[in-house]
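S.K.: This is the structure I want to talk about, given as structure tokens.
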Amino acid sequence: MEDNKKIKGFSKLSKRGKIKWIVENFFKDPENVTREMLSYWHSNEDQQKILDGFSENTISNFPMPYGVAPNFEINGKTYCVPMVIEESSVVAAASSAAKFWMARGGFKTEILSTTKLGQVSFKWSGSKEAFKGNFDKIKTKLIAECKQITANMEKRGGGINDIELIDLTDREKDLFQLKCSFETCDSMGANFINSCLEQFAKSLISYVEETAELKEGELNVIMCILSNYTPDCIVRAKVECPVAELGSFPGEMTAEIFAERFKDAVTIAHLDSYRATTHNKGIFNGVDAVVLATGNDFRAIEACGHTYASRNGSYRSLSYCKVEDGIFSFWLDLPLAVGTVGGLTSLHPMAKRSLELLGNPNSKELMEIIAATGLAQNFAALRSLVTTGIQKGHMKMHLQNILVSLNATEKEIPNAVEYFKEKVVSFSAVREFLEKLRSGKQIIA
Ligand code: MEV
């Protein structure tokens, strides 16, 4: 690597110092880049300090569009859902599906379970039988010695649910785990769980040291960490209506044909992992956007969702569809470990506003809103795919983006939209159209 690209003590530089070093060593036009980086600093210093506090080596902010999808009726209550996403069409699709289902009874959701998990991984070289024989006493000690950490959570109705001993010695010599389950109420619970796990490890070590029967073995704690896989923290979101009420569709397509084709599209995503990945990506278009807007951890939600989608041995659709006795049903089961207190939810000014916009839901209600948004997104994508195809809507937005980047005027935009109604949109085709329009060679509508 070139020497000017290496640096010692970067983190010690001031923000301006960091920008200076970066623009001088990595960019061709340092002045412009500096101006651009500074232009995204928050005008309010206190707000900027809050943002800087979330990460390290921050030099600027990275703005993302903050949109809303109104008309989400969930269990009879109407929400305007905040969505942070950079992909065009997603918010429009969610809004359109929300409106569609609002006229057909809305979304129905239910929380199936809310258990979160953590693991203490350790090696035990002594007698398995002796260790297992002591496990009830070990468990009692672990829970008792964790009281200081759990007291507050218990007041809120949460705490430790259970601690199980998992024997993995058939896969790796001497390897065991404590599989610990928790109820963390309205917090996502990462800090709470990790603190409990580290305390469990200390108590486990002292139990072994104090117990004569276990003296001949060696205990080595490897690590303590929550699991982001929470297959017992599940929400179900559902929509349902008579097939005849699904409305009218382009061309020859009847509501019955639409329902069957839609169901086939879901079936394909249950049979084929290539399609399932794209299908579920569509669900996460909606899920991630709300997770981000409410200051939750989208990496954890994605990782968990994809593991859950593979729980039966192959990667499959997270949503299901049934057409039976003239009724169209479409639903989604999703593990969602989210919080409405703690973490970024109360620190990020816009996350706070998002929660306010949603009526300050508790974590269960937020799980329901997120799942409904994921289902809406999935519905909108499949509806397009089995009717007009996805490109029609996408190309509209693509055309708008190209027109903006080519500085099209208010007068030119409707002309371009009309011209490209039935034509293939590409950057060069749009540029050519505008050039002709501007030189008078293209007729204005
Ligand atoms: C694009 O972001 C999402 C879709 O590909 C989802 C799907 O194919 O179901 C449209």
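By convention in this document, the chains of the structure tokens carry letters A, B, ... by their order, each chain's residues are numbered from 1, and ligands are numbered from 1 in the order they are shown.
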What does the list of residues within 7 Å of ligand 1 look like if you count only C-alpha atoms and all ligand atoms, written as a PDB file with N, CA and C atoms, in the first residue's frame?
M.R.:
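Written file, result_5.pdb:
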```pdb
ATOM      1  N   THR A 278     -34.970 -13.719  -3.191  1.00  0.00           N
ATOM      2  CA  THR A 278     -35.490 -12.460  -3.735  1.00  0.00           C
ATOM      3  C   THR A 278     -36.841 -12.129  -3.108  1.00  0.00           C
ATOM      4  N   HIS A 279     -37.647 -13.162  -2.937  1.00  0.00           N
ATOM      5  CA  HIS A 279     -38.963 -13.028  -2.318  1.00  0.00           C
ATOM      6  C   HIS A 279     -38.815 -12.439  -0.903  1.00  0.00           C
ATOM      7  N   ASN A 280     -37.908 -13.054  -0.121  1.00  0.00           N
ATOM      8  CA  ASN A 280     -37.704 -12.568   1.249  1.00  0.00           C
ATOM      9  C   ASN A 280     -37.035 -11.200   1.263  1.00  0.00           C
ATOM     10  N   LYS A 281     -36.206 -10.934   0.258  1.00  0.00           N
ATOM     11  CA  LYS A 281     -35.585  -9.603   0.167  1.00  0.00           C
ATOM     12  C   LYS A 281     -36.691  -8.556   0.063  1.00  0.00           C
ATOM     13  N   GLY A 282     -37.715  -8.877  -0.696  1.00  0.00           N
ATOM     14  CA  GLY A 282     -38.850  -7.953  -0.830  1.00  0.00           C
ATOM     15  C   GLY A 282     -39.512  -7.714   0.526  1.00  0.00           C
ATOM     16  N   ASN A 285     -37.396  -5.419   2.461  1.00  0.00           N
ATOM     17  CA  ASN A 285     -37.480  -4.020   2.010  1.00  0.00           C
ATOM     18  C   ASN A 285     -38.365  -3.237   2.972  1.00  0.00           C
ATOM     19  N   ASN A 378     -44.344  -7.444   0.485  1.00  0.00           N
ATOM     20  CA  ASN A 378     -44.335  -8.724  -0.219  1.00  0.00           C
ATOM     21  C   ASN A 378     -45.574  -8.826  -1.122  1.00  0.00           C
ATOM     22  N   ALA A 381     -45.101  -6.515  -4.156  1.00  0.00           N
ATOM     23  CA  ALA A 381     -44.124  -7.041  -5.124  1.00  0.00           C
ATOM     24  C   ALA A 381     -44.743  -8.187  -5.925  1.00  0.00           C
ATOM     25  N   LEU A 382     -45.398  -9.139  -5.231  1.00  0.00           N
ATOM     26  CA  LEU A 382     -45.965 -10.294  -5.937  1.00  0.00           C
ATOM     27  C   LEU A 382     -47.120  -9.866  -6.842  1.00  0.00           C
ATOM     28  N   ILE A 390     -42.603  -6.219 -12.820  1.00  0.00           N
ATOM     29  CA  ILE A 390     -42.065  -5.249 -11.872  1.00  0.00           C
ATOM     30  C   ILE A 390     -41.495  -4.016 -12.558  1.00  0.00           C
TER      31      ILE A 390
END
```
S.K.: Could you pull the residues within 8 Å of Lys263 (chain A), counting only C-alpha atoms, minus those fewer than 4 positions along the same chain, as a list in words?
M.R.: Ala259, Thr267, Cys321, Lys322 and Val323 of chain A
S.K.: Just want the 9 Å neighbourhood of region 198-206 of chain A, counted on only C-alpha atoms, with same-chain residues fewer than 5 positions away dropped. Output as a ChimeraX atom specification.
M.R.: /A:120,122,138-139,141-143,145-146,149,178,193,211,219-221,223-225
S.K.: For Trp41 (chain A), list every protein, DNA or RNA residue within 7 Å, evaluated using only C-alpha atoms, and leave out those in the same chain fewer than 4 positions away; present the list as a ChimeraX atom specification.
M.R.: /A:48,60-61
S.K.: Only all heavy atoms, please: the residues just picked out, written as an mmCIF file, in the first residue's frame.
M.R.:
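Output below, filename selection_1.cif:
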```cif
data_model
loop_
_atom_site.group_PDB
_atom_site.id
_atom_site.type_symbol
_atom_site.label_atom_id
_atom_site.label_comp_id
_atom_site.auth_asym_id
_atom_site.auth_seq_id
_atom_site.Cartn_x
_atom_site.Cartn_y
_atom_site.Cartn_z
ATOM 1 N N GLN A 48 -25.408 17.189 16.291
ATOM 2 C CA GLN A 48 -24.276 16.522 15.644
ATOM 3 C C GLN A 48 -23.499 15.684 16.659
ATOM 4 O O GLN A 48 -23.072 14.571 16.354
ATOM 5 C CB GLN A 48 -23.367 17.556 14.980
ATOM 6 C CG GLN A 48 -22.226 16.926 14.180
ATOM 7 C CD GLN A 48 -22.717 15.945 13.109
ATOM 8 O OE1 GLN A 48 -23.575 16.285 12.297
ATOM 9 N NE2 GLN A 48 -22.208 14.724 13.117
ATOM 10 N N SER A 60 -18.619 12.810 8.866
ATOM 11 C CA SER A 60 -19.779 13.487 8.307
ATOM 12 C C SER A 60 -21.005 12.622 8.587
ATOM 13 O O SER A 60 -20.921 11.650 9.339
ATOM 14 C CB SER A 60 -19.577 13.693 6.796
ATOM 15 O OG SER A 60 -20.607 14.509 6.283
ATOM 16 N N ASN A 61 -22.125 12.974 7.972
ATOM 17 C CA ASN A 61 -23.332 12.138 8.086
ATOM 18 C C ASN A 61 -23.668 11.617 6.693
ATOM 19 O O ASN A 61 -23.288 12.211 5.694
ATOM 20 C CB ASN A 61 -24.499 12.948 8.635
ATOM 21 C CG ASN A 61 -24.172 13.523 9.991
ATOM 22 O OD1 ASN A 61 -23.714 12.805 10.872
ATOM 23 N ND2 ASN A 61 -24.377 14.816 10.164
#
```
S.K.: Could you jot down the CA of Gly342 (chain A) to CA of Ser187 (chain A) separation for me, Å, one decimal place?
M.R.: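 CA of Gly342 (chain A) sits 6.0 Å away from CA of Ser187 (chain A).
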